[in-house]
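Data from run07.txt: compact mmCIF, C-alpha atoms
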# COMPACT_ATOMS: atom_id res chain seq x y z
CA MET A 300 34.71 -32.80 -57.10
CA THR A 301 33.15 -30.91 -60.00
CA GLY A 302 31.18 -28.75 -57.59
CA SER A 303 34.39 -27.00 -56.56
CA ILE A 304 35.46 -26.19 -60.13
CA ASP A 305 35.53 -22.55 -61.19
CA PRO A 306 33.97 -22.78 -64.68
CA LYS A 307 35.87 -19.81 -66.10
CA ALA A 308 39.22 -21.16 -64.93
CA PHE A 309 38.27 -24.63 -66.15
CA PHE A 310 37.33 -23.41 -69.62
CA THR A 311 40.42 -21.21 -69.83
CA ARG A 312 42.62 -24.24 -69.19
CA LEU A 313 40.81 -26.18 -71.91
CA PHE A 314 41.34 -23.31 -74.34
CA ALA A 315 45.03 -23.13 -73.46
CA ALA A 316 45.42 -26.87 -74.08
CA ALA A 317 43.64 -26.62 -77.44
CA VAL A 318 45.82 -23.72 -78.56
CA ALA A 319 49.01 -25.42 -77.37
CA ALA A 320 48.16 -28.50 -79.46
CA ALA A 321 48.07 -26.27 -82.54
CA ASP A 322 51.24 -24.32 -81.70
CA PRO A 323 53.47 -24.45 -84.80
CA ALA A 324 56.56 -24.36 -82.60
CA LYS A 325 55.53 -27.81 -81.34
CA THR A 326 54.25 -29.33 -84.58
CA ILE A 327 56.27 -28.02 -87.49
CA ARG A 328 59.49 -30.03 -87.00
CA ALA A 329 57.79 -33.32 -87.83
CA PHE A 330 56.87 -32.09 -91.32
CA LEU A 331 60.06 -30.42 -92.54
CA PRO A 332 61.03 -31.34 -96.12
CA GLU A 333 64.51 -32.25 -97.24
CA LYS A 334 66.76 -29.32 -98.02
CA PRO A 335 66.99 -28.49 -101.72
CA ARG A 336 70.08 -28.08 -103.85
CA GLY A 337 68.88 -24.59 -104.70
CA ARG A 338 67.12 -21.84 -102.78
CA THR A 339 64.46 -22.22 -100.09
CA ILE A 340 61.69 -19.66 -100.44
CA VAL A 341 59.02 -19.26 -97.78
CA VAL A 342 55.58 -17.84 -98.52
CA GLY A 343 52.53 -17.81 -96.34
CA ALA A 344 49.36 -16.15 -95.13
CA GLY A 345 46.95 -16.33 -92.24
CA LYS A 346 46.37 -15.06 -88.75
CA GLY A 347 49.10 -17.38 -87.44
CA ALA A 348 51.49 -17.04 -90.39
CA ALA A 349 54.08 -14.96 -88.51
CA GLN A 350 54.28 -17.52 -85.69
CA MET A 351 54.57 -20.32 -88.25
CA ALA A 352 57.43 -18.41 -89.92
CA ALA A 353 59.23 -17.96 -86.60
CA ALA A 354 58.79 -21.65 -85.79
CA LEU A 355 60.15 -22.65 -89.20
CA GLU A 356 63.20 -20.44 -88.74
CA ASP A 357 63.95 -22.12 -85.41
CA ALA A 358 63.53 -25.60 -86.87
CA TRP A 359 65.26 -25.14 -90.23
CA ASP A 360 69.00 -25.77 -90.46
CA GLY A 361 69.91 -23.73 -93.49
CA PRO A 362 69.26 -20.48 -95.35
CA LEU A 363 65.71 -19.22 -95.78
CA GLU A 364 64.14 -16.23 -97.44
CA GLY A 365 60.62 -15.14 -98.18
CA VAL A 366 57.56 -13.28 -96.98
CA VAL A 367 54.32 -14.02 -95.14
CA VAL A 368 51.20 -11.90 -94.59
CA THR A 369 49.27 -11.77 -91.34
CA ARG A 370 46.59 -9.64 -89.72
CA TYR A 371 47.40 -6.24 -88.23
CA GLY A 372 48.75 -6.77 -84.72
CA TYR A 373 49.48 -10.47 -85.26
CA GLY A 374 53.15 -10.17 -86.21
CA ALA A 375 56.02 -12.00 -84.54
CA PRO A 376 59.81 -11.47 -84.53
CA THR A 377 61.56 -13.25 -87.40
CA ARG A 378 65.16 -13.18 -88.62
CA MET A 379 65.04 -14.21 -92.29
CA ILE A 380 61.39 -14.19 -93.32
CA GLU A 381 59.69 -10.83 -93.80
CA VAL A 382 56.34 -10.40 -92.07
CA LEU A 383 53.77 -8.08 -93.65
CA GLU A 384 50.49 -7.07 -92.01
CA ALA A 385 47.14 -6.43 -93.67
CA ALA A 386 43.43 -6.15 -92.88
CA HIS A 387 41.09 -8.94 -91.85
CA PRO A 388 38.21 -9.75 -92.34
CA VAL A 389 37.78 -7.04 -95.02
CA PRO A 390 40.75 -6.85 -97.44
CA ASP A 391 42.76 -3.67 -97.94
CA GLU A 392 45.57 -2.21 -100.08
CA ALA A 393 48.22 -3.68 -97.78
CA GLY A 394 46.87 -7.15 -98.48
CA LEU A 395 46.86 -6.43 -102.20
CA SER A 396 50.53 -5.45 -101.97
CA GLY A 397 51.29 -8.53 -99.86
CA ALA A 398 49.71 -10.88 -102.39
CA LYS A 399 51.79 -9.28 -105.12
CA ARG A 400 54.94 -9.78 -103.04
CA LEU A 401 54.17 -13.47 -102.59
CA MET A 402 53.66 -13.99 -106.30
CA GLU A 403 56.89 -12.13 -107.08
CA SER A 404 58.86 -14.17 -104.55
CA VAL A 405 58.09 -17.46 -106.32
CA SER A 406 58.62 -16.25 -109.87
CA GLY A 407 61.68 -17.34 -111.84
CA LEU A 408 62.45 -20.39 -109.68
CA GLY A 409 64.04 -23.57 -111.01
CA PRO A 410 63.57 -27.31 -110.41
CA ASP A 411 66.29 -27.34 -107.70
CA ASP A 412 64.47 -24.72 -105.63
CA LEU A 413 62.01 -25.38 -102.80
CA VAL A 414 58.98 -23.33 -101.79
CA ILE A 415 57.63 -23.87 -98.27
CA ALA A 416 54.11 -22.51 -97.96
CA LEU A 417 52.86 -21.69 -94.46
CA VAL A 418 49.08 -21.44 -94.61
CA CYS A 419 46.48 -21.03 -91.89
CA GLY A 420 43.04 -19.52 -91.47
CA GLY A 421 42.49 -15.90 -92.44
CA GLY A 422 44.54 -15.94 -95.60
CA SER A 423 41.51 -15.53 -97.85
CA ALA A 424 41.00 -11.94 -96.70
CA LEU A 425 44.70 -11.24 -96.22
CA LEU A 426 45.58 -12.09 -99.83
CA PRO A 427 43.30 -10.07 -102.09
CA ALA A 428 44.42 -10.51 -105.70
CA PRO A 429 41.58 -9.60 -108.07
CA ALA A 430 41.68 -11.66 -111.24
CA GLY A 431 41.45 -10.22 -114.75
CA SER A 432 39.92 -6.75 -114.84
CA LEU A 433 38.42 -7.03 -111.33
CA THR A 434 39.46 -4.50 -108.69
CA LEU A 435 40.07 -4.50 -104.95
CA VAL A 436 36.68 -2.81 -104.57
CA ASP A 437 35.10 -5.80 -106.32
CA GLU A 438 36.89 -8.27 -104.06
CA ILE A 439 35.88 -6.32 -100.95
CA ALA A 440 32.26 -6.38 -102.12
CA VAL A 441 32.43 -10.14 -102.61
CA ASN A 442 34.01 -10.64 -99.18
CA GLU A 443 31.37 -8.54 -97.42
CA ALA A 444 28.57 -10.38 -99.22
CA LEU A 445 30.06 -13.74 -98.27
CA LEU A 446 30.44 -12.77 -94.61
CA ALA A 447 26.80 -11.67 -94.44
CA SER A 448 25.40 -14.62 -96.41
CA GLY A 449 25.49 -17.38 -93.81
CA ALA A 450 27.31 -19.66 -96.25
CA PRO A 451 29.71 -22.23 -94.74
CA ILE A 452 33.42 -21.51 -95.09
CA SER A 453 33.83 -24.18 -97.76
CA ALA A 454 31.25 -22.47 -99.97
CA MET A 455 32.76 -19.04 -99.31
CA ASN A 456 36.18 -20.19 -100.40
CA THR A 457 34.81 -21.80 -103.55
CA VAL A 458 33.68 -18.34 -104.62
CA ARG A 459 36.84 -16.58 -103.46
CA LYS A 460 39.22 -18.81 -105.39
CA HIS A 461 37.41 -18.19 -108.67
CA ILE A 462 37.83 -14.41 -108.57
CA SER A 463 41.46 -14.50 -107.47
CA ALA A 464 44.84 -14.50 -109.19
CA ILE A 465 46.55 -16.21 -106.21
CA LYS A 466 44.03 -18.59 -104.61
CA GLY A 467 42.91 -22.01 -105.85
CA GLY A 468 46.46 -23.31 -106.34
CA ARG A 469 47.60 -20.36 -108.43
CA LEU A 470 50.46 -19.42 -106.07
CA ALA A 471 51.89 -22.94 -106.36
CA ALA A 472 51.40 -22.92 -110.13
CA ALA A 473 53.39 -19.66 -110.31
CA ALA A 474 56.28 -21.38 -108.51
CA HIS A 475 56.65 -24.06 -111.21
CA PRO A 476 59.06 -25.81 -111.79
CA ALA A 477 60.12 -25.47 -108.14
CA ARG A 478 58.86 -28.06 -105.67
CA VAL A 479 56.21 -26.79 -103.24
CA VAL A 480 55.62 -28.17 -99.74
CA SER A 481 52.54 -26.78 -98.00
CA LEU A 482 52.39 -26.85 -94.19
CA ILE A 483 48.83 -26.10 -93.16
CA VAL A 484 47.07 -25.29 -89.90
CA SER A 485 43.48 -26.20 -90.71
CA ASP A 486 40.53 -24.08 -89.61
CA ILE A 487 38.19 -25.88 -92.02
CA PRO A 488 35.59 -28.42 -90.86
CA GLY A 489 36.81 -31.72 -92.28
CA ASP A 490 40.38 -30.39 -92.73
CA ASP A 491 40.37 -30.19 -96.53
CA PRO A 492 43.69 -28.37 -97.15
CA ALA A 493 42.43 -26.97 -100.46
CA LEU A 494 39.89 -24.89 -98.56
CA VAL A 495 42.19 -23.37 -95.92
CA SER A 496 42.67 -19.72 -96.91
CA SER A 497 41.09 -20.66 -100.26
CA GLY A 498 44.03 -22.93 -101.08
CA PRO A 499 46.74 -20.64 -102.54
CA THR A 500 49.01 -23.66 -103.00
CA VAL A 501 46.46 -26.51 -103.03
CA PRO A 502 44.05 -26.91 -105.95
CA ASP A 503 40.76 -28.80 -105.84
CA MET A 504 38.05 -29.89 -108.26
CA ALA A 505 35.61 -27.03 -107.56
CA SER A 506 34.57 -25.17 -110.70
CA ARG A 507 33.26 -21.71 -111.52
CA ALA A 508 29.86 -23.39 -111.97
CA ASP A 509 30.11 -24.41 -108.30
CA ALA A 510 30.91 -20.81 -107.39
CA LEU A 511 27.88 -19.56 -109.30
CA ALA A 512 25.72 -22.16 -107.57
CA VAL A 513 26.86 -20.89 -104.16
CA ILE A 514 25.98 -17.32 -105.13
CA GLU A 515 22.51 -18.40 -106.26
CA THR A 516 21.86 -20.64 -103.26
CA TYR A 517 22.64 -17.90 -100.74
CA GLY A 518 21.02 -15.10 -102.71
CA MET A 519 24.13 -12.93 -102.89
CA GLN A 520 24.13 -9.73 -104.90
CA LEU A 521 27.60 -9.24 -106.38
CA PRO A 522 28.98 -6.57 -108.74
CA ASP A 523 28.25 -7.08 -112.43
CA ALA A 524 31.98 -7.29 -113.16
CA VAL A 525 32.30 -10.22 -110.76
CA MET A 526 29.39 -12.10 -112.30
CA GLN A 527 30.77 -11.51 -115.79
CA HIS A 528 34.14 -12.83 -114.71
CA LEU A 529 32.62 -15.96 -113.15
CA ALA A 530 30.72 -16.61 -116.36
CA SER A 531 33.94 -16.66 -118.40
CA PRO A 532 36.69 -19.30 -118.75
CA ALA A 533 39.09 -16.76 -117.21
CA ALA A 534 37.66 -17.73 -113.82
CA ASP A 535 38.64 -21.40 -114.16
CA ALA A 536 41.09 -22.52 -111.48
CA PRO A 537 43.80 -25.12 -112.12
CA LYS A 538 42.84 -28.69 -111.21
CA PRO A 539 44.83 -31.14 -109.07
CA ASP A 540 45.94 -33.14 -112.11
CA ASP A 541 47.68 -30.10 -113.60
CA PRO A 542 51.31 -31.22 -114.22
CA ARG A 543 52.59 -28.08 -112.49
CA PHE A 544 51.57 -29.65 -109.17
CA ALA A 545 53.46 -32.94 -109.70
CA GLY A 546 55.73 -33.74 -106.78
CA HIS A 547 54.16 -31.23 -104.42
CA ASP A 548 53.48 -32.26 -100.82
CA VAL A 549 50.71 -31.10 -98.50
CA HIS A 550 50.73 -31.63 -94.72
CA VAL A 551 48.06 -30.60 -92.20
CA ILE A 552 50.22 -29.94 -89.15
CA ALA A 553 47.43 -28.87 -86.78
CA SER A 554 43.66 -29.17 -86.79
CA ALA A 555 40.51 -28.82 -84.73
CA ALA A 556 40.40 -32.58 -84.16
CA ARG A 557 43.81 -32.61 -82.48
CA SER A 558 43.02 -29.54 -80.41
CA LEU A 559 39.72 -31.03 -79.23
CA GLU A 560 41.58 -34.15 -78.15
CA ALA A 561 43.97 -31.96 -76.15
CA ALA A 562 41.07 -30.10 -74.55
CA SER A 563 39.45 -33.42 -73.69
CA ALA A 564 42.64 -34.61 -72.00
CA ALA A 565 42.84 -31.35 -70.05
CA ALA A 566 39.28 -31.84 -68.81
CA GLU A 567 39.95 -35.44 -67.78
CA ALA A 568 43.06 -34.26 -65.89
CA GLN A 569 40.76 -32.00 -63.85
CA GLY A 570 38.46 -34.90 -63.06
CA VAL A 571 35.76 -34.08 -65.61
CA PRO A 572 34.81 -36.72 -68.21
CA ALA A 573 34.74 -35.27 -71.72
CA VAL A 574 32.77 -36.10 -74.86
CA ILE A 575 33.74 -34.76 -78.27
CA LEU A 576 30.54 -34.23 -80.24
CA SER A 577 32.26 -33.30 -83.51
CA ASP A 578 35.20 -31.32 -84.87
CA ALA A 579 33.28 -30.24 -87.98
CA ILE A 580 30.05 -28.57 -86.86
CA GLU A 581 28.68 -25.95 -89.25
CA GLY A 582 25.41 -24.06 -89.53
CA GLU A 583 23.80 -20.95 -88.07
CA ALA A 584 25.51 -20.08 -84.77
CA ARG A 585 22.23 -19.53 -82.91
CA GLU A 586 20.79 -22.83 -84.15
CA VAL A 587 23.93 -24.72 -83.15
CA GLY A 588 23.66 -22.99 -79.76
CA ARG A 589 20.09 -24.17 -79.34
CA VAL A 590 21.05 -27.76 -80.18
CA HIS A 591 23.92 -27.70 -77.67
CA ALA A 592 21.50 -26.29 -75.09
CA ALA A 593 19.03 -29.10 -75.76
CA ILE A 594 21.72 -31.75 -75.25
CA ALA A 595 22.92 -30.05 -72.06
CA ARG A 596 19.35 -29.94 -70.70
CA GLU A 597 18.91 -33.63 -71.43
CA VAL A 598 22.11 -34.44 -69.57
CA ALA A 599 21.26 -32.17 -66.63
CA LEU A 600 17.69 -33.42 -66.20
CA ARG A 601 17.82 -37.05 -67.37
CA ASP A 602 21.48 -38.13 -67.46
CA ARG A 603 21.23 -38.96 -71.15
CA PRO A 604 22.73 -39.35 -73.70
CA PHE A 605 25.70 -38.83 -71.32
CA ARG A 606 25.87 -39.02 -67.55
CA LYS A 607 26.86 -35.94 -65.60
CA PRO A 608 29.35 -34.64 -64.70
CA VAL A 609 30.56 -34.20 -68.26
CA VAL A 610 31.92 -31.52 -70.55
CA LEU A 611 30.61 -31.54 -74.12
CA LEU A 612 33.21 -30.38 -76.64
CA SER A 613 32.79 -29.40 -80.27
CA GLY A 614 34.68 -27.62 -83.02
CA GLY A 615 34.18 -26.41 -86.55
CA GLU A 616 32.92 -23.07 -87.80
CA THR A 617 29.40 -21.79 -87.49
CA THR A 618 28.05 -18.84 -89.46
CA VAL A 619 25.91 -15.81 -88.81
CA THR A 620 23.46 -14.66 -91.47
CA LEU A 621 23.10 -10.92 -90.90
CA ARG A 622 19.43 -10.01 -90.85
CA ARG A 623 20.12 -6.64 -89.26
CA SER A 624 23.14 -4.35 -89.37
CA GLY A 625 24.86 -2.53 -86.54
CA GLY A 626 25.25 -5.37 -84.04
CA ARG A 627 28.60 -6.17 -82.47
CA GLY A 628 29.65 -9.73 -82.01
CA GLY A 629 30.84 -12.85 -83.73
CA ARG A 630 29.68 -16.40 -84.20
CA ASN A 631 30.90 -17.61 -80.80
CA THR A 632 29.08 -14.97 -78.75
CA GLU A 633 25.94 -15.48 -80.86
CA PHE A 634 26.19 -19.23 -80.24
CA LEU A 635 26.52 -18.61 -76.50
CA LEU A 636 23.64 -16.14 -76.19
CA ALA A 637 21.32 -18.59 -77.98
CA LEU A 638 22.57 -21.39 -75.73
CA ALA A 639 22.08 -19.23 -72.61
CA LEU A 640 18.44 -18.68 -73.57
CA GLY A 641 18.07 -22.45 -73.95
CA ILE A 642 19.48 -23.34 -70.52
CA GLU A 643 17.90 -20.51 -68.55
CA GLY A 644 17.25 -21.53 -64.97
CA ILE A 645 18.68 -25.06 -65.22
CA SER A 646 21.39 -25.02 -62.56
CA GLY A 647 24.72 -26.73 -63.03
CA ILE A 648 25.25 -25.81 -66.71
CA SER A 649 28.09 -23.53 -67.80
CA ALA A 650 29.38 -22.89 -71.31
CA PHE A 651 32.24 -21.37 -73.23
CA ALA A 652 32.94 -20.69 -76.90
CA ALA A 653 35.93 -18.99 -78.49
CA ASP A 654 37.88 -18.77 -81.71
CA THR A 655 41.31 -20.33 -81.27
CA ASP A 656 42.97 -17.46 -83.13
CA GLY A 657 41.96 -15.09 -80.33
CA ILE A 658 39.41 -13.00 -82.25
CA ASP A 659 35.69 -13.63 -82.69
CA GLY A 660 34.21 -11.37 -85.35
CA SER A 661 35.55 -7.82 -85.50
CA GLU A 662 35.93 -7.03 -81.80
CA GLU A 663 38.91 -7.83 -79.57
CA ASN A 664 37.43 -10.84 -77.76
CA ALA A 665 37.83 -14.48 -78.76
CA GLY A 666 34.48 -15.46 -77.30
CA ALA A 667 32.73 -15.46 -73.93
CA PHE A 668 31.43 -17.40 -70.94
CA ALA A 669 27.80 -18.21 -70.14
CA ASP A 670 25.78 -20.22 -67.65
CA HIS A 671 22.23 -20.94 -66.49
CA GLY A 672 22.03 -17.48 -64.90
CA THR A 673 23.23 -15.40 -67.85
CA VAL A 674 19.75 -14.51 -69.11
CA ALA A 675 18.49 -13.54 -65.64
CA ARG A 676 21.52 -11.30 -65.07
CA LEU A 677 20.95 -9.57 -68.40
CA ARG A 678 17.33 -8.86 -67.56
CA SER A 679 18.31 -7.57 -64.11
CA ALA A 680 20.74 -5.19 -65.80
CA GLY A 681 17.95 -3.84 -68.01
CA HIS A 682 18.76 -5.77 -71.19
CA ASP A 683 16.47 -7.92 -73.34
CA PRO A 684 18.54 -10.98 -74.32
CA LYS A 685 16.18 -12.00 -77.13
CA ALA A 686 16.34 -8.51 -78.63
CA LEU A 687 20.13 -8.52 -78.40
CA LEU A 688 20.26 -11.87 -80.19
CA ALA A 689 17.90 -10.64 -82.90
CA ALA A 690 20.10 -7.57 -83.39
CA HIS A 691 23.29 -9.70 -83.62
CA ASP A 692 24.64 -7.86 -80.55
CA ALA A 693 25.72 -10.82 -78.45
CA TRP A 694 29.00 -8.97 -77.86
CA GLY A 695 27.01 -6.23 -76.15
CA ALA A 696 25.27 -8.79 -73.97
CA PHE A 697 28.42 -10.42 -72.65
CA ASP A 698 30.27 -7.12 -72.39
CA ALA A 699 27.49 -5.82 -70.14
CA LEU A 700 28.02 -8.81 -67.84
CA GLY A 701 31.82 -8.74 -67.89
CA ASP A 702 31.84 -12.22 -69.39
CA LEU A 703 33.85 -11.66 -72.57
CA PHE A 704 36.96 -13.80 -73.08
CA ALA A 705 39.87 -11.85 -74.58
CA PRO A 706 43.19 -13.75 -74.56
CA GLY A 707 44.65 -11.74 -77.46
CA PRO A 708 46.21 -13.21 -80.63
CA THR A 709 47.24 -16.83 -80.08
CA GLY A 710 49.49 -17.37 -83.10
CA THR A 711 47.43 -20.23 -84.48
CA ASN A 712 43.95 -20.89 -85.84
CA VAL A 713 42.07 -24.20 -85.79
CA ASN A 714 38.67 -22.55 -85.62
CA ASP A 715 36.22 -22.59 -82.74
CA LEU A 716 36.32 -24.40 -79.41
CA ARG A 717 32.96 -24.87 -77.73
CA ALA A 718 32.61 -26.45 -74.29
CA VAL A 719 29.46 -27.07 -72.22
CA LEU A 720 30.00 -28.25 -68.64
CA VAL A 721 27.17 -30.07 -66.89
CA ARG A 722 27.76 -30.73 -63.19

Show this structure as structure tokens.
Amino acid sequence: MTGSIDPKAFFTRLFAAAVAAADPAKTIRAFLPEKPRGRTIVVGAGKGAAQMAAALEDAWDGPLEGVVVTRYGYGAPTRMIEVLEAAHPVPDEAGLSGAKRLMESVSGLGPDDLVIALVCGGGSALLPAPAGSLTLVDEIAVNEALLASGAPISAMNTVRKHISAIKGGRLAAAAHPARVVSLIVSDIPGDDPALVSSGPTVPDMASRADALAVIETYGMQLPDAVMQHLASPAADAPKPDDPRFAGHDVHVIASAARSLEAASAAAEAQGVPAVILSDAIEGEAREVGRVHAAIAREVALRDRPFRKPVVLLSGGETTVTLRRSGGRGGRNTEFLLALALGIEGISGISAFAADTDGIDGSEENAGAFADHGTVARLRSAGHDPKALLAAHDAWGAFDALGDLFAPGPTGTNVNDLRAVLVR
């Protein structure tokens, strides 16, 4: 039966199932708080924040007001909640203005008021709010250094929240004494809500010493003003035991784990057994690609550790350490090109990787498709796949073959979906 499956159509159905499982319109109702005696203010940020706001409006029986910030082109129609757009992955002035609007919207609230925070992946870049005497230029420099460092998202956000006036629980602290309920779509391996969008409403125990350790470990060169700030008590973020957070609630309403389970069910419905390797895979994209390729080869050639046919599923967020500049592509295409090199010539293996928010890196694709013939087709078209991988131009490789996957913005973000089909 699996021999008749069109891999691209198969993977597209798995992606659709994963995204549907993270659709806020389907998940948000189960986590609605009780209505307050006072006002209900909505704040939020992320690449799916506008869709979360629209879903909340449909589910909420009462007055709402507030503002959320999303990426340019990711807006959605809302009636009561204002949607602002800003730049991602590099912050801009619009994001700076949006962060200010969020802080203003929660100021002056009382104990009878309720703040509903809608947070999903992407908010770290969308809410620049330089702390102290730092500037937007400083925050942009930090963001660019983090993106090029190869550090995992958890480490990146530890740094981000210690140079910010809104991240690391500071937005929730500004809302005191109002109650804050955070509804979170997690794109973080392990689903720690304090790390999603650098936790504007959820504090954690990370310290500025931890931030400095990340900078040292990954050899980042940051502006002197940033290093001076991190060396001072002004960088300290509020801790979870701060009394301003008493009575707050945090709910993860969608996650990679749930989306992988939905993708697994979609595969089984098409007659393909599925195995979820992990929902929290991190590391260099090309190295993760090589490991997935090795497992797929073992299945294809020896029927171990799983018997074919099978689709291997994984989630989480890999990273790309930029060793050269100028390449086009994101972590999912880099993962796939490395995997394609590892399965070259072994028939019956197809693969897919895409970011569930609809964008991989800075181009307009979410990811791509690959199979055992990808490398041969690249060479036939006059391209050197190893050179493209070394130049971080996996986008160029899959664009040349017509194998990019570009569904457009999905309205949610639970990080990457990777699928390797062995028939």

Using all atoms listed in the file, the residue out of A:Ala447, A:Leu408, A:Ala508, A:Lys334 with shortest distance to Ala472 (chain A) is A:Leu408

Next item on the list: In Å, rounded to a single decimal, give me how far CA of Gln569 (chain A) is from CA of Gly641 (chain A).
Entry: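 So the answer is 26.6 Å.
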
Of A:Glu643, A:Glu567, A:Asp683, A:Asp715, the one sitting nearest Asn631 (chain A) when using only C-alpha atoms is A:Asp715

| Need the neighbours of (34.0, -3.7, -104.6): which residues are at most 12 Å away, counting all atoms listed in the file, as a list in words? |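 Counting all atoms listed in the file, I find these residues within 12 Å of (34.0, -3.7, -104.6): Val389, Pro390, Asp391, Pro427, Pro429, Leu433, Thr434, Leu435, Val436, Asp437, Glu438, Ile439, Ala440, Val441, Asn442, Glu443, Ala444, Gln520, Leu521, Pro522, Asp523, Ala524 and Val525 of chain A.
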
Using the selection just defined, write its residues with C-alpha atoms as an mmCIF file, keeping the file's coordinate frame.
data_model
loop_
_atom_site.group_PDB
_atom_site.id
_atom_site.type_symbol
_atom_site.label_atom_id
_atom_site.label_comp_id
_atom_site.auth_asym_id
_atom_site.auth_seq_id
_atom_site.Cartn_x
_atom_site.Cartn_y
_atom_site.Cartn_z
ATOM 1 C CA VAL A 389 37.780 -7.040 -95.020
ATOM 2 C CA PRO A 390 40.750 -6.850 -97.440
ATOM 3 C CA ASP A 391 42.760 -3.670 -97.940
ATOM 4 C CA PRO A 427 43.300 -10.070 -102.090
ATOM 5 C CA PRO A 429 41.580 -9.600 -108.070
ATOM 6 C CA LEU A 433 38.420 -7.030 -111.330
ATOM 7 C CA THR A 434 39.460 -4.500 -108.690
ATOM 8 C CA LEU A 435 40.070 -4.500 -104.950
ATOM 9 C CA VAL A 436 36.680 -2.810 -104.570
ATOM 10 C CA ASP A 437 35.100 -5.800 -106.320
ATOM 11 C CA GLU A 438 36.890 -8.270 -104.060
ATOM 12 C CA ILE A 439 35.880 -6.320 -100.950
ATOM 13 C CA ALA A 440 32.260 -6.380 -102.120
ATOM 14 C CA VAL A 441 32.430 -10.140 -102.610
ATOM 15 C CA ASN A 442 34.010 -10.640 -99.180
ATOM 16 C CA GLU A 443 31.370 -8.540 -97.420
ATOM 17 C CA ALA A 444 28.570 -10.380 -99.220
ATOM 18 C CA GLN A 520 24.130 -9.730 -104.900
ATOM 19 C CA LEU A 521 27.600 -9.240 -106.380
ATOM 20 C CA PRO A 522 28.980 -6.570 -108.740
ATOM 21 C CA ASP A 523 28.250 -7.080 -112.430
ATOM 22 C CA ALA A 524 31.980 -7.290 -113.160
ATOM 23 C CA VAL A 525 32.300 -10.220 -110.760
#

Using all atoms listed in the file, the residue out of A:Val318, A:Ala592, A:Ala416, A:Ile340 with shortest distance to Gly657 (chain A) is A:Val318

Restrict the output to region 528-538 of chain A and N, CA, C and O atoms, then write it as a short mmCIF file (atom, residue, chain, number, x, y, z; two decimals), in the first residue's frame.
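Saved file selection-v3.cif follows:
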data_model
loop_
_atom_site.label_atom_id
_atom_site.label_comp_id
_atom_site.auth_asym_id
_atom_site.auth_seq_id
_atom_site.Cartn_x
_atom_site.Cartn_y
_atom_site.Cartn_z
N HIS A 528 25.59 46.45 30.84
CA HIS A 528 24.25 46.28 31.43
C HIS A 528 24.13 44.92 32.10
O HIS A 528 23.63 44.81 33.24
N LEU A 529 24.59 43.87 31.43
CA LEU A 529 24.49 42.52 31.98
C LEU A 529 25.35 42.34 33.23
O LEU A 529 25.08 41.45 34.04
N ALA A 530 26.34 43.17 33.38
CA ALA A 530 27.20 43.08 34.56
C ALA A 530 26.63 43.83 35.76
O ALA A 530 27.19 43.76 36.86
N SER A 531 25.50 44.52 35.56
CA SER A 531 24.93 45.35 36.63
C SER A 531 23.63 44.75 37.15
O SER A 531 22.94 44.00 36.43
N PRO A 532 23.26 45.06 38.39
CA PRO A 532 21.99 44.56 38.95
C PRO A 532 20.77 45.01 38.16
O PRO A 532 19.70 44.41 38.29
N ALA A 533 20.91 46.05 37.34
CA ALA A 533 19.78 46.52 36.54
C ALA A 533 19.28 45.45 35.57
O ALA A 533 18.13 45.51 35.12
N ALA A 534 20.13 44.48 35.27
CA ALA A 534 19.73 43.41 34.34
C ALA A 534 18.93 42.31 35.01
O ALA A 534 18.33 41.47 34.32
N ASP A 535 18.90 42.28 36.34
CA ASP A 535 18.21 41.20 37.05
C ASP A 535 16.73 41.17 36.68
O ASP A 535 16.04 42.20 36.68
N ALA A 536 16.23 39.98 36.38
CA ALA A 536 14.82 39.79 36.06
C ALA A 536 14.08 39.34 37.32
O ALA A 536 14.65 38.69 38.19
N PRO A 537 12.79 39.66 37.42
CA PRO A 537 12.02 39.19 38.58
C PRO A 537 11.95 37.67 38.61
O PRO A 537 11.95 37.02 37.57
N LYS A 538 11.91 37.11 39.81
CA LYS A 538 11.88 35.66 39.98
C LYS A 538 10.44 35.18 40.22
O LYS A 538 9.55 35.96 40.58
#
